[in-house]
file work22.pdb (PDB, C-alpha atoms)
ATOM      1  CA  MET I   9    -149.733 -83.410-241.134
ATOM      2  CA  ASP I  10    -149.370 -80.597-243.540
ATOM      3  CA  VAL I  11    -150.528 -78.184-240.837
ATOM      4  CA  GLN I  12    -147.064 -77.842-239.316
ATOM      5  CA  GLU I  13    -145.609 -77.275-242.709
ATOM      6  CA  ALA I  14    -148.119 -74.550-243.352
ATOM      7  CA  VAL I  15    -147.322 -72.854-240.058
ATOM      8  CA  ALA I  16    -143.631 -72.903-240.846
ATOM      9  CA  GLU I  17    -144.320 -71.518-244.259
ATOM     10  CA  GLY I  18    -146.399 -68.775-242.787
ATOM     11  CA  THR I  19    -143.797 -67.619-240.314
ATOM     12  CA  ALA I  20    -141.022 -67.867-242.877
ATOM     13  CA  SER I  21    -142.779 -65.686-245.409
ATOM     14  CA  ALA I  22    -143.448 -63.038-242.796
ATOM     15  CA  GLU I  23    -139.997 -63.050-241.278
ATOM     16  CA  ASN I  24    -139.581 -59.388-241.915
ATOM     17  CA  GLY I  25    -143.124 -58.704-240.915
ATOM     18  CA  GLU I  26    -142.695 -59.518-237.248
ATOM     19  CA  VAL I  27    -142.390 -56.245-235.457
ATOM     20  CA  LYS I  28    -142.729 -55.365-231.842
ATOM     21  CA  ARG I  29    -145.078 -52.641-230.889
ATOM     22  CA  ASP I  30    -145.388 -51.526-227.261
ATOM     23  CA  GLY I  31    -143.423 -54.606-226.260
ATOM     24  CA  LYS I  32    -145.992 -56.938-227.813
ATOM     25  CA  LYS I  33    -145.404 -59.147-230.782
ATOM     26  CA  GLN I  34    -147.153 -58.370-234.000
ATOM     27  CA  PHE I  35    -147.358 -60.532-237.077
ATOM     28  CA  SER I  36    -147.729 -58.067-239.903
ATOM     29  CA  MET I  37    -148.518 -58.894-243.512
ATOM     30  CA  GLY I  38    -148.290 -56.683-246.553
ATOM     31  CA  PRO I  39    -150.778 -56.341-249.408
ATOM     32  CA  SER I  40    -148.899 -58.811-251.609
ATOM     33  CA  ASP I  41    -148.320 -61.432-248.906
ATOM     34  CA  ILE I  42    -150.034 -64.793-248.876
ATOM     35  CA  LEU I  43    -150.671 -67.016-245.878
ATOM     36  CA  GLU I  44    -152.110 -70.480-246.344
ATOM     37  CA  GLY I  45    -152.596 -72.836-243.434
ATOM     38  CA  LYS I  46    -152.976 -72.497-239.716
ATOM     39  CA  LEU I  47    -151.404 -69.738-237.667
ATOM     40  CA  ILE I  48    -151.550 -69.731-233.894
ATOM     41  CA  TYR I  49    -149.839 -66.620-232.668
ATOM     42  CA  ASP I  50    -149.071 -65.188-229.257
ATOM     43  CA  GLY I  51    -149.522 -61.553-230.147
ATOM     44  CA  SER I  52    -151.395 -59.436-232.624
ATOM     45  CA  VAL I  53    -151.930 -60.167-236.286
ATOM     46  CA  HIS I  54    -152.263 -57.640-239.073
ATOM     47  CA  ALA I  55    -153.663 -59.532-242.049
ATOM     48  CA  ASP I  56    -153.326 -58.180-245.550
ATOM     49  CA  GLY I  57    -153.015 -59.681-249.003
ATOM     50  CA  ARG I  58    -154.518 -63.155-249.022
ATOM     51  CA  VAL I  59    -155.150 -65.449-246.075
ATOM     52  CA  GLU I  60    -156.594 -68.941-246.265
ATOM     53  CA  GLY I  61    -157.043 -71.367-243.404
ATOM     54  CA  GLU I  62    -157.122 -70.457-239.754
ATOM     55  CA  VAL I  63    -155.715 -67.625-237.661
ATOM     56  CA  ARG I  64    -155.878 -67.646-233.868
ATOM     57  CA  ALA I  65    -154.186 -64.846-231.989
ATOM     58  CA  SER I  66    -153.959 -64.128-228.280
ATOM     59  CA  GLY I  67    -153.959 -60.442-229.132
ATOM     60  CA  ASN I  68    -155.865 -58.465-231.691
ATOM     61  CA  ILE I  69    -156.506 -59.297-235.319
ATOM     62  CA  ASP I  70    -157.075 -56.688-237.945
ATOM     63  CA  VAL I  71    -157.815 -57.349-241.572
ATOM     64  CA  ALA I  72    -156.758 -54.539-243.861
ATOM     65  CA  ASN I  73    -158.894 -52.854-246.460
ATOM     66  CA  GLY I  74    -158.400 -54.773-249.692
ATOM     67  CA  ALA I  75    -157.346 -58.015-248.035
ATOM     68  CA  THR I  76    -159.042 -61.284-248.957
ATOM     69  CA  VAL I  77    -159.484 -63.703-246.090
ATOM     70  CA  LYS I  78    -161.034 -67.145-246.305
ATOM     71  CA  ALA I  79    -160.302 -68.318-242.845
ATOM     72  CA  LEU I  80    -161.465 -68.905-239.323
ATOM     73  CA  LEU I  81    -160.410 -65.918-237.245
ATOM     74  CA  GLU I  82    -160.144 -65.805-233.483
ATOM     75  CA  GLY I  83    -158.699 -62.978-231.450
ATOM     76  CA  ALA I  84    -159.296 -60.564-228.598
ATOM     77  CA  ASN I  85    -160.313 -57.475-230.544
ATOM     78  CA  VAL I  86    -160.991 -58.150-234.184
ATOM     79  CA  THR I  87    -161.226 -55.317-236.695
ATOM     80  CA  LEU I  88    -162.294 -56.158-240.230
ATOM     81  CA  LYS I  89    -161.972 -53.747-243.119
ATOM     82  CA  GLY I  90    -161.527 -56.171-245.987
ATOM     83  CA  SER I  91    -163.344 -59.197-247.321
ATOM     84  CA  VAL I  92    -163.707 -62.107-244.905
ATOM     85  CA  GLU I  93    -165.291 -65.486-245.527
ATOM     86  CA  GLY I  94    -165.394 -67.695-242.471
ATOM     87  CA  ALA I  95    -166.297 -67.830-238.819
ATOM     88  CA  VAL I  96    -165.084 -64.949-236.680
ATOM     89  CA  THR I  97    -164.663 -65.034-232.911
ATOM     90  CA  ALA I  98    -163.803 -61.928-230.938
ATOM     91  CA  HIS I  99    -163.295 -62.525-227.237
ATOM     92  CA  ASP I 100    -163.775 -58.837-226.695
ATOM     93  CA  LYS I 101    -164.939 -56.629-229.533
ATOM     94  CA  LEU I 102    -165.550 -57.076-233.229
ATOM     95  CA  THR I 103    -165.566 -54.005-235.434
ATOM     96  CA  LEU I 104    -166.710 -54.073-239.037
ATOM     97  CA  GLY I 105    -165.405 -51.078-240.941
ATOM     98  CA  ARG I 106    -167.346 -49.344-243.667
ATOM     99  CA  ASN I 107    -165.655 -51.373-246.396
ATOM    100  CA  ALA I 108    -165.886 -54.727-244.644
ATOM    101  CA  ARG I 109    -167.615 -57.600-246.407
ATOM    102  CA  VAL I 110    -168.124 -60.499-244.065
ATOM    103  CA  SER I 111    -169.896 -63.771-244.654
ATOM    104  CA  GLY I 112    -169.763 -66.265-241.843
ATOM    105  CA  ASP I 113    -170.938 -66.859-238.340
ATOM    106  CA  ILE I 114    -169.837 -64.421-235.696
ATOM    107  CA  GLN I 115    -169.355 -64.818-231.976
ATOM    108  CA  VAL I 116    -168.508 -61.716-230.005
ATOM    109  CA  ARG I 117    -168.759 -60.028-226.651
ATOM    110  CA  ARG I 118    -169.185 -56.567-228.138
ATOM    111  CA  LEU I 119    -170.056 -55.597-231.659
ATOM    112  CA  GLN I 120    -169.792 -52.471-233.735
ATOM    113  CA  ILE I 121    -170.851 -52.312-237.357
ATOM    114  CA  ASP I 122    -170.170 -49.162-239.311
ATOM    115  CA  ASP I 123    -172.538 -47.979-242.004
ATOM    116  CA  GLY I 124    -171.508 -49.432-245.338
ATOM    117  CA  ALA I 125    -170.327 -52.780-244.020
ATOM    118  CA  THR I 126    -171.882 -55.949-245.387
ATOM    119  CA  LEU I 127    -172.605 -58.927-243.159
ATOM    120  CA  ASN I 128    -174.204 -62.261-243.906
ATOM    121  CA  GLY I 129    -174.299 -64.835-241.150
ATOM    122  CA  ASN I 130    -175.390 -65.669-237.651
ATOM    123  CA  VAL I 131    -174.401 -63.340-234.847
ATOM    124  CA  ARG I 132    -174.009 -64.617-231.320
ATOM    125  CA  MET I 133    -173.276 -62.276-228.506
ATOM    126  CA  GLY I 134    -172.452 -63.076-224.911
ATOM    127  CA  ASP I 135    -170.337 -65.446-222.893
ATOM    128  CA  PHE I 136    -168.066 -67.918-224.546
ATOM    129  CA  GLU I 137    -168.301 -71.637-224.197
ATOM    130  CA  GLN I 138    -165.210 -73.635-223.507
ATOM    131  CA  GLN I 139    -164.639 -74.533-227.095
ATOM    132  CA  ALA I 140    -161.846 -74.944-229.536
ATOM    133  CA  SER I 141    -159.636 -72.357-227.842
ATOM    134  CA  GLY I 142    -157.160 -75.033-226.814
ATOM    135  CA  GLN I 143    -157.045 -76.567-230.239
TER     136      GLN I 143
ATOM    137  CA  MET S  24    -220.683 -19.522-216.499
ATOM    138  CA  SER S  25    -217.456 -19.939-218.278
ATOM    139  CA  SER S  26    -216.993 -23.555-219.141
ATOM    140  CA  ARG S  27    -213.913 -24.551-221.027
ATOM    141  CA  ARG S  28    -214.391 -26.247-224.269
ATOM    142  CA  PRO S  29    -211.890 -28.969-224.899
ATOM    143  CA  ALA S  30    -212.842 -28.872-228.535
ATOM    144  CA  SER S  31    -211.324 -25.441-228.878
ATOM    145  CA  ARG S  32    -207.947 -26.796-227.869
ATOM    146  CA  LEU S  33    -208.216 -29.623-230.305
ATOM    147  CA  ALA S  34    -208.954 -27.161-233.018
ATOM    148  CA  THR S  35    -205.270 -26.277-233.325
ATOM    149  CA  THR S  36    -203.913 -27.711-236.497
ATOM    150  CA  ILE S  37    -201.629 -30.710-236.139
ATOM    151  CA  PRO S  38    -199.138 -31.261-238.923
ATOM    152  CA  ALA S  39    -200.057 -34.498-240.605
ATOM    153  CA  GLY S  40    -196.752 -35.665-242.050
ATOM    154  CA  ASN S  41    -198.026 -39.177-242.396
ATOM    155  CA  GLY S  42    -197.535 -39.802-246.030
ATOM    156  CA  SER S  43    -200.790 -38.327-247.155
ATOM    157  CA  ASN S  44    -199.155 -35.027-248.022
ATOM    158  CA  GLY S  45    -196.148 -36.556-249.717
ATOM    159  CA  GLU S  46    -193.872 -36.620-246.698
ATOM    160  CA  ARG S  47    -192.307 -39.857-245.616
ATOM    161  CA  ASN S  48    -194.261 -41.692-243.007
ATOM    162  CA  SER S  49    -192.527 -42.080-239.661
ATOM    163  CA  VAL S  50    -193.780 -44.099-236.736
ATOM    164  CA  VAL S  51    -192.314 -43.856-233.259
ATOM    165  CA  LEU S  52    -192.774 -46.318-230.423
ATOM    166  CA  GLY S  53    -191.799 -44.410-227.310
ATOM    167  CA  PRO S  54    -189.939 -45.770-224.288
ATOM    168  CA  ASN S  55    -193.177 -46.681-222.533
ATOM    169  CA  ASP S  56    -194.790 -48.215-225.601
ATOM    170  CA  ARG S  57    -195.052 -51.929-226.105
ATOM    171  CA  LEU S  58    -195.954 -54.006-229.120
ATOM    172  CA  VAL S  59    -196.723 -57.702-229.289
ATOM    173  CA  GLY S  60    -197.312 -59.031-232.768
ATOM    174  CA  GLN S  61    -196.523 -57.930-236.289
ATOM    175  CA  LEU S  62    -196.013 -54.438-237.593
ATOM    176  CA  PHE S  63    -195.568 -53.307-241.186
ATOM    177  CA  ILE S  64    -194.788 -49.668-241.822
ATOM    178  CA  GLU S  65    -194.600 -47.935-245.154
ATOM    179  CA  GLY S  66    -191.906 -45.517-244.110
ATOM    180  CA  ASP S  67    -189.541 -45.233-241.169
ATOM    181  CA  LEU S  68    -189.856 -46.775-237.747
ATOM    182  CA  ARG S  69    -188.207 -45.819-234.485
ATOM    183  CA  VAL S  70    -188.450 -48.126-231.526
ATOM    184  CA  SER S  71    -187.405 -47.021-228.079
ATOM    185  CA  GLY S  72    -189.952 -49.181-226.324
ATOM    186  CA  SER S  73    -190.198 -52.950-226.365
ATOM    187  CA  VAL S  74    -191.372 -55.207-229.162
ATOM    188  CA  GLU S  75    -192.149 -58.917-229.147
ATOM    189  CA  GLY S  76    -192.736 -59.884-232.735
ATOM    190  CA  GLU S  77    -191.947 -58.986-236.306
ATOM    191  CA  LEU S  78    -191.116 -55.561-237.643
ATOM    192  CA  GLU S  79    -191.009 -54.595-241.291
ATOM    193  CA  ALA S  80    -190.500 -51.125-242.754
ATOM    194  CA  THR S  81    -189.972 -49.915-246.292
ATOM    195  CA  GLY S  82    -187.593 -47.229-245.031
ATOM    196  CA  ASP S  83    -185.265 -47.136-242.049
ATOM    197  CA  ILE S  84    -185.645 -48.799-238.672
ATOM    198  CA  GLU S  85    -183.899 -47.438-235.621
ATOM    199  CA  ILE S  86    -183.877 -49.484-232.445
ATOM    200  CA  THR S  87    -182.904 -47.913-229.171
ATOM    201  CA  GLY S  88    -185.248 -50.075-227.119
ATOM    202  CA  ARG S  89    -185.675 -53.833-226.972
ATOM    203  CA  VAL S  90    -186.829 -55.996-229.856
ATOM    204  CA  ASN S  91    -187.347 -59.742-229.755
ATOM    205  CA  GLY S  92    -188.119 -61.009-233.215
ATOM    206  CA  ALA S  93    -187.491 -60.703-236.923
ATOM    207  CA  VAL S  94    -186.665 -57.324-238.414
ATOM    208  CA  THR S  95    -186.838 -56.395-242.082
ATOM    209  CA  ALA S  96    -185.769 -52.938-243.224
ATOM    210  CA  TYR S  97    -185.812 -52.255-246.944
ATOM    211  CA  ASN S  98    -183.244 -49.576-246.380
ATOM    212  CA  ARG S  99    -181.270 -49.183-243.204
ATOM    213  CA  LEU S 100    -181.291 -50.679-239.721
ATOM    214  CA  VAL S 101    -179.599 -48.882-236.851
ATOM    215  CA  VAL S 102    -179.248 -50.527-233.470
ATOM    216  CA  GLY S 103    -178.269 -47.860-230.963
ATOM    217  CA  SER S 104    -175.780 -48.325-228.158
ATOM    218  CA  ALA S 105    -178.601 -48.857-225.664
ATOM    219  CA  GLY S 106    -180.638 -50.936-228.084
ATOM    220  CA  SER S 107    -181.194 -54.665-228.050
ATOM    221  CA  LEU S 108    -182.178 -56.893-230.953
ATOM    222  CA  ILE S 109    -182.391 -60.570-230.165
ATOM    223  CA  GLY S 110    -183.353 -63.776-231.770
ATOM    224  CA  GLY S 111    -184.863 -63.093-235.114
ATOM    225  CA  ASP S 112    -183.888 -63.045-238.743
ATOM    226  CA  VAL S 113    -182.552 -59.659-239.755
ATOM    227  CA  ARG S 114    -182.968 -58.720-243.412
ATOM    228  CA  VAL S 115    -181.666 -55.293-244.282
ATOM    229  CA  ALA S 116    -179.963 -53.376-247.052
ATOM    230  CA  ARG S 117    -177.715 -51.377-244.742
ATOM    231  CA  LEU S 118    -176.788 -52.085-241.155
ATOM    232  CA  THR S 119    -175.253 -50.058-238.369
ATOM    233  CA  VAL S 120    -174.669 -51.488-234.911
ATOM    234  CA  GLU S 121    -173.322 -49.092-232.338
ATOM    235  CA  ASP S 122    -170.859 -50.181-229.693
ATOM    236  CA  GLY S 123    -172.712 -51.296-226.590
ATOM    237  CA  ALA S 124    -175.729 -52.653-228.430
ATOM    238  CA  THR S 125    -176.967 -56.187-227.924
ATOM    239  CA  PHE S 126    -177.342 -57.946-231.230
ATOM    240  CA  THR S 127    -178.039 -61.612-231.848
ATOM    241  CA  GLY S 128    -179.580 -63.270-234.865
ATOM    242  CA  LYS S 129    -179.164 -64.269-238.468
ATOM    243  CA  VAL S 130    -178.222 -61.358-240.681
ATOM    244  CA  THR S 131    -178.936 -61.276-244.392
ATOM    245  CA  MET S 132    -177.823 -58.241-246.330
ATOM    246  CA  GLY S 133    -178.073 -57.366-249.942
ATOM    247  CA  LYS S 134    -180.723 -56.216-252.298
ATOM    248  CA  PRO S 135    -184.001 -55.840-250.505
ATOM    249  CA  THR S 136    -186.457 -58.324-251.810
ATOM    250  CA  ALA S 137    -190.054 -57.527-251.215
ATOM    251  CA  LYS S 138    -191.042 -61.111-251.535
ATOM    252  CA  GLU S 139    -189.141 -64.121-250.462
ATOM    253  CA  PRO S 140    -188.774 -66.761-253.114
ATOM    254  CA  THR S 141    -191.510 -69.262-252.745
ATOM    255  CA  PRO S 142    -190.226 -72.745-252.164
ATOM    256  CA  ILE S 143    -190.643 -75.042-255.064
ATOM    257  CA  GLU S 144    -193.383 -77.449-254.324
ATOM    258  CA  PRO S 145    -192.533 -81.047-254.864
ATOM    259  CA  VAL S 146    -194.064 -82.369-258.000
ATOM    260  CA  PRO S 147    -196.417 -85.162-257.111
ATOM    261  CA  ALA S 148    -195.397 -88.378-258.701
ATOM    262  CA  THR S 149    -197.656 -89.127-261.563
ATOM    263  CA  ILE S 150    -199.371 -92.373-261.144
ATOM    264  CA  GLU S 151    -199.603 -94.168-264.363
ATOM    265  CA  PRO S 152    -202.643 -96.241-264.790
ATOM    266  CA  VAL S 153    -201.752 -99.824-264.661
ATOM    267  CA  VAL S 154    -203.170-101.615-267.562
ATOM    268  CA  GLU S 155    -203.930-105.048-266.521
ATOM    269  CA  PRO S 156    -203.895-107.480-269.283
ATOM    270  CA  VAL S 157    -207.193-109.001-269.623
ATOM    271  CA  VAL S 158    -206.908-112.620-270.176
ATOM    272  CA  VAL S 159    -209.749-113.841-272.057
ATOM    273  CA  ALA S 160    -210.161-117.449-271.516
ATOM    274  CA  GLN S 161    -210.792-118.749-274.864
ATOM    275  CA  PRO S 162    -213.009-121.634-274.835
ATOM    276  CA  LYS S 163    -211.470-124.503-276.530
ATOM    277  CA  GLY S 164    -212.947-124.430-279.815
ATOM    278  CA  LYS S 165    -214.542-127.476-281.005
ATOM    279  CA  ARG S 166    -212.788-128.642-283.976
ATOM    280  CA  ARG S 167    -214.705-130.306-286.450
TER     281      ARG S 167
END

call {"tool": "encode", "arguments": {"input": "work22.pdb", "output": "C-alpha cells"}}
result
Amino acid sequence: MDVQEAVAEGTASAENGEVKRDGKKQFSMGPSDILEGKLIYDGSVHADGRVEGEVRASGNIDVANGATVKALLEGANVTLKGSVEGAVTAHDKLTLGRNARVSGDIQVRRLQIDDGATLNGNVRMGDFEQQASGQ
Amino acid sequence: MSSRRPASRLATTIPAGNGSNGERNSVVLGPNDRLVGQLFIEGDLRVSGSVEGELEATGDIEITGRVNGAVTAYNRLVVGSAGSLIGGDVRVARLTVEDGATFTGKVTMGKPTAKEPTPIEPVPATIEPVVEPVVVAQPKGKRR
C-alpha cells in the first residue's frame, strides 16, 4: 500500500510545520509545500501550496488563498479561500471565502458563502450519516 | 350628505418603477405571500414568503423566506440567514449564502446562459433499401 508511504512523506515534509496553538496540534503548510497522499490528522490542518489526495482532520481545515487542492477534505470547521477540487465535508461549518473556487460535492451542517466565491457541485445540509469517518 | 369617494384616495400618484420608465423592475413576495408554480421576472426578485416551484430572474434574487425548487438568477443570488432554499438546481452568476441559511441543491456557477444547450438528438439510423436480386428464371431455351 502506497498510502502509508504517502502519509509518512506528508508528515516528514511538514516536520517544521507542526505547531501547537492553544494546546491543540496544527499541521501547517507553506505556499511552496506539496502534500500527496492521505493525511489523517488529530488536530487542525492549514493547507497551502499543493495538496492532492485526501485530508481528514478531527479539528478544523483551512485552505489558504492561492493554494491548489485536489483532494477529499473532511473536518469540523472548514474554511476555503483557495481552489479546491473534490468532495468537502464539514461536520460543523463550511465557509467559502471571496476568492474560493470550489468544484465538488459538499456536505455540511452550516454553510456560509461570501460574495465572489465560485461553487459548482451538490450541496447537502443536515445530519451526517455514519459513513467513511472511520476509514 | 357627505359621502366619501374612494376614488379620490386612489387618485394619488403611485410611483411606477416597474421598468416602464427605465427603472429596474423589482418584485417582492412578502412574508404572507405564497407562490406555487413558475415565475420569470425581468429584473430583481425578493422572496420572504414561500415558493413551491421555479424562479428565474434576469437580475438578483434574494431569498429570506422558503423556496422549494429550481432557482436561476442571471446575476446574483442571496440566501439570507433566515432563508431556506431546498431541492432544486441553482444556476447563478454570483452566490452569497449567509450563516444560518438552509441551502441544499445542485449549484452551477459561471457565465449566465439564457438558454440551456439543447441535447443532441440521436440521428435515426438510415435504413438502406434492400435490393433483392430478382432471379429471373430463364426458361431453358430450346436449342435447335

call {"tool": "atom_distance", "arguments": {"input": "work22.pdb", "atom1": "CA of Gly83 in chain I", "atom2": "CA of Thr87 in chain S"}}
result
28.6 Å

call {"tool": "interface_residues", "arguments": {"input": "work22.pdb", "of": "chain I", "to": "chain S", "cutoff": "6 Å", "atoms": "all atoms listed in the file", "output": "list in words"}}
result
Leu119, Gln120, Ile121, Asp122, Asp123, Asn128, Gly129, Asn130, Val131, Arg132 and Met133 of chain I

call {"tool": "residues_around", "arguments": {"input": "work22.pdb", "residues": "Gly82 in chain S", "least_positions_apart": "3", "cutoff": "8 Å", "atoms": "only C-alpha atoms", "output": "list in words"}}
result
Glu65, Gly66, Asp67, Leu68, Ala96, Tyr97, Asn98 and Arg99 of chain S

call {"tool": "axis_aligned_box", "arguments": {"input": "work22.pdb", "around": "range 95-109 of chain S", "padding_each_side": "6 Å", "output": "JSON"}}
result
{"center_x": -181.3, "center_y": -54.2, "center_z": -236.3, "size_x": 23.1, "size_y": 24.7, "size_z": 33.3}

call {"tool": "closest_residue", "arguments": {"input": "work22.pdb", "among": "I:Leu104, I:Ile69, I:Met37, I:Leu127", "to": "Gly51 in chain I", "atoms": "only C-alpha atoms"}}
result
I:Ile69

call {"tool": "atom_distance", "arguments": {"input": "work22.pdb", "atom1": "CA of Lys33 in chain I", "atom2": "CA of Ser52 in chain I"}}
result
6.3 Å

call {"tool": "residues_near_point", "arguments": {"input": "work22.pdb", "point": "(-196.8, -55.9, -239.9)", "cutoff": "8 Å", "atoms": "only C-alpha atoms", "output": "list of chain:residue names"}}
result
S:Gly60, S:Gln61, S:Leu62, S:Phe63, S:Ile64, S:Glu77, S:Leu78, S:Glu79

call {"tool": "atom_distance", "arguments": {"input": "work22.pdb", "atom1": "CA of Ala79 in chain I", "atom2": "CA of Leu102 in chain I"}}
result
15.7 Å

call {"tool": "closest_residue", "arguments": {"input": "work22.pdb", "among": "S:Gly111, S:Ala105, S:Ser49, S:Asn55", "to": "Ile84 in chain S", "atoms": "all atoms listed in the file"}}
result
S:Ser49

call {"tool": "closest_residue", "arguments": {"input": "work22.pdb", "among": "I:Ala98, I:Glu60, I:Gly134, I:Asp70", "to": "Glu82 in chain I", "atoms": "all atoms listed in the file"}}
result
I:Ala98

call {"tool": "residues_around", "arguments": {"input": "work22.pdb", "residues": "His54 in chain I", "least_positions_apart": "4", "cutoff": "9 Å", "atoms": "all atoms listed in the file", "output": "PyMOL selection string"}}
result
chain I and resi 34-38+68-72
